[in-house]
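Each remark here refers to the structure printed beneath this line.
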Amino acid sequence: MAQPFVAENVMGEFHQFSGRERDTDWLYYYRARYYNPHLARFLQPDPLGHAGGGNPYVYAANNPLSFIDPSGLRTYTVHGCCQSTESRERWATFSNELISSDPDVRVVNWSGKIFFDVVPSTKAASDALVDQIIRDLQSQPLTPGERLSLVGHSAGGIIVNNVANAIRARGIPVGNLIMIGTPLFPGSLNAAMPSDVPITNFDDKYDVLSTSKHGPNVTNITVVQPHADGTFDAAISHTGYMTNPIVINTIRNVIAK
């Protein structure tokens with residue numbers, strides 16, 4: 001099997017062919033899994049499964065001079081409206097928590113000026129993300145079997161629903177659509193949800209902005225998020241998803257499947 005080249009820099013640190021540092025003795029961390037050059041193979045199978053090739057443990061199709069080894073995943077995350085600097089930082093931290101399942105997480109920033117799907121800013125934000133995804137795919141196409149996931153909180157969930165519909169109409173598959181505390185009213189105030197995309201929806205009974213979603217392709221997950229003193233209010237319920245370990249771990253599992 002082909003084996004990545006290893007070189008020592010002037011600081012005495014070891015870097016392998018693709019620029020990865022050694023994480024521990026003869027193990028290199030590729031964000032999604034570990035590679036052992038002594039065995040000339042990954043220790044965990046390719047997230048793509050056999051869509052990535054006949055051997056799910058091989059490095060770059062045994063040809064690291066010509067190929068890279070993609071994660072097989074790509075995730076875009078979109079924050080909600082009216083975000084303060086603190087809220088945006090919390091969303092960035094939440095998005096970073098997903099990297100253990102998908103090293104290719106792309107955080108989308110937008111103006112945050114939106115009211116459901118009525119004012120022009122909603123369409124502008126959705127169209128901008130569609131354009132971004134198309135540009136990204138032109139420069140870095142999805143590999144065979146690679147899944148694209150869209151994650152949105154609050155009004156960001158409305159945007160990712162719009163985007164899922166728009167890019168599917170262009171022939172781009174969506175692997176997962178994940179909405180968190182989203183006030184989506186499909187077919188009335190908002191666009192209908194795609195019927196052939198797995199949808200995971202998180203809501204909280206104390207969150208007045210969240211709604212349950214309906215359809216055979218929808219999984220609703222209800223979480224309850226109290227204050228430290230055990231009381232509940234809408235503000236904590238609406239923002240608490242971003243630090244809720246149940247929400248984070250569930251999304252990790254969804255996008256990694």
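Chain identifiers are assigned as A, B, and so on, following the order in which chains appear in the structure tokens; residues are numbered from 1 within each chain, and ligands are numbered from 1 in order of appearance.
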### Message
Taking the DSSP secondary structure from the backbone, can you list the residues of segment 25-256 of chain A that are alpha helix (DSSP H), as a ChimeraX atom specification?
### Response
/A:85-97,120-139,155-169,234-239,245-256
### Message
Report as JSON, numbers by chain all protein, DNA and RNA residues lying within 9 Å of segment 150-152 of chain A, evaluated on only C-alpha atoms, omitting residues in the same chain fewer than 4 positions from it.
### Response
{"A": [74, 75, 76, 77, 78, 79, 80, 156, 157, 158, 159, 160, 161, 163, 164, 174, 175, 176, 177, 178, 179, 180, 181, 182, 251]}
### Message
as a PyMOL selection string, please: the residues near Glu89 of chain A (cut-off 12 Å, only C-alpha atoms, same-chain neighbours under 6 positions excluded).
### Response
chain A and resi 79+83+95-96+107+109+242-243
### Query
Could you state the separation of atom CA of Lys123 of chain A and atom CA of Leu189 of chain A in Å, given to one decimal place?
12.9 Å
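Of note, atom CA of Asp229 of chain A and atom CA of Tyr206 of chain A are spaced 15.6 Å apart.
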### Message
Measuring between only C-alpha atoms, which one of A:Ala166, A:Phe94, A:Thr211, A:Ile255 shows the shortest distance to Leu148 of chain A?
### Response
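Smallest distance to Leu148 of chain A is found for A:Ile255.
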### Residue set, segment 28-233 of chain A restricted to strand (DSSP E), as an MDAnalysis selection string
chainID A and resid 28:29 34:36 41:42 73:78 105:108 147:153 176:180 199:203 218:222
Deliver the residues from the most recent selection as a file, using C-alpha atoms, as a short mmCIF file (atom, residue, chain, number, x, y, z; two decimals), in the first residue's frame.
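part-v8.cif, written as the output of this step:
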```
data_model
loop_
_atom_site.label_atom_id
_atom_site.label_comp_id
_atom_site.auth_asym_id
_atom_site.auth_seq_id
_atom_site.Cartn_x
_atom_site.Cartn_y
_atom_site.Cartn_z
CA TYR A 28 -1.86 10.89 12.44
CA TYR A 29 -5.19 12.58 13.04
CA TYR A 34 -6.62 8.15 12.51
CA TYR A 35 -3.99 6.91 10.03
CA ASN A 36 -1.20 4.50 11.06
CA ARG A 41 -4.09 2.12 6.61
CA PHE A 42 -6.67 4.10 8.58
CA LEU A 73 -19.19 14.96 4.40
CA ARG A 74 -19.94 18.67 4.02
CA THR A 75 -22.07 20.74 6.40
CA TYR A 76 -23.31 24.34 6.25
CA THR A 77 -24.63 25.94 9.46
CA VAL A 78 -26.82 29.08 9.50
CA VAL A 105 -18.23 22.47 8.59
CA ARG A 106 -18.81 25.86 6.95
CA VAL A 107 -20.39 28.57 9.12
CA VAL A 108 -22.64 30.91 7.13
CA ARG A 147 -23.38 13.97 1.68
CA LEU A 148 -24.25 17.64 2.05
CA SER A 149 -26.03 18.64 5.28
CA LEU A 150 -27.77 21.93 6.06
CA VAL A 151 -28.24 23.05 9.68
CA GLY A 152 -30.19 26.16 10.71
CA HIS A 153 -31.24 27.69 14.02
CA ASN A 176 -29.74 16.03 5.72
CA LEU A 177 -31.86 19.06 6.59
CA ILE A 178 -31.69 19.97 10.28
CA MET A 179 -33.82 22.70 11.84
CA ILE A 180 -33.40 23.91 15.42
CA ILE A 199 -35.35 16.16 8.10
CA THR A 200 -34.46 16.40 11.78
CA ASN A 201 -36.34 19.05 13.76
CA PHE A 202 -35.59 20.16 17.32
CA ASP A 203 -38.14 22.07 19.37
CA VAL A 218 -39.37 14.17 9.45
CA THR A 219 -38.00 13.25 12.88
CA ASN A 220 -39.13 15.61 15.64
CA ILE A 221 -37.00 15.74 18.78
CA THR A 222 -38.33 17.66 21.78
#
```
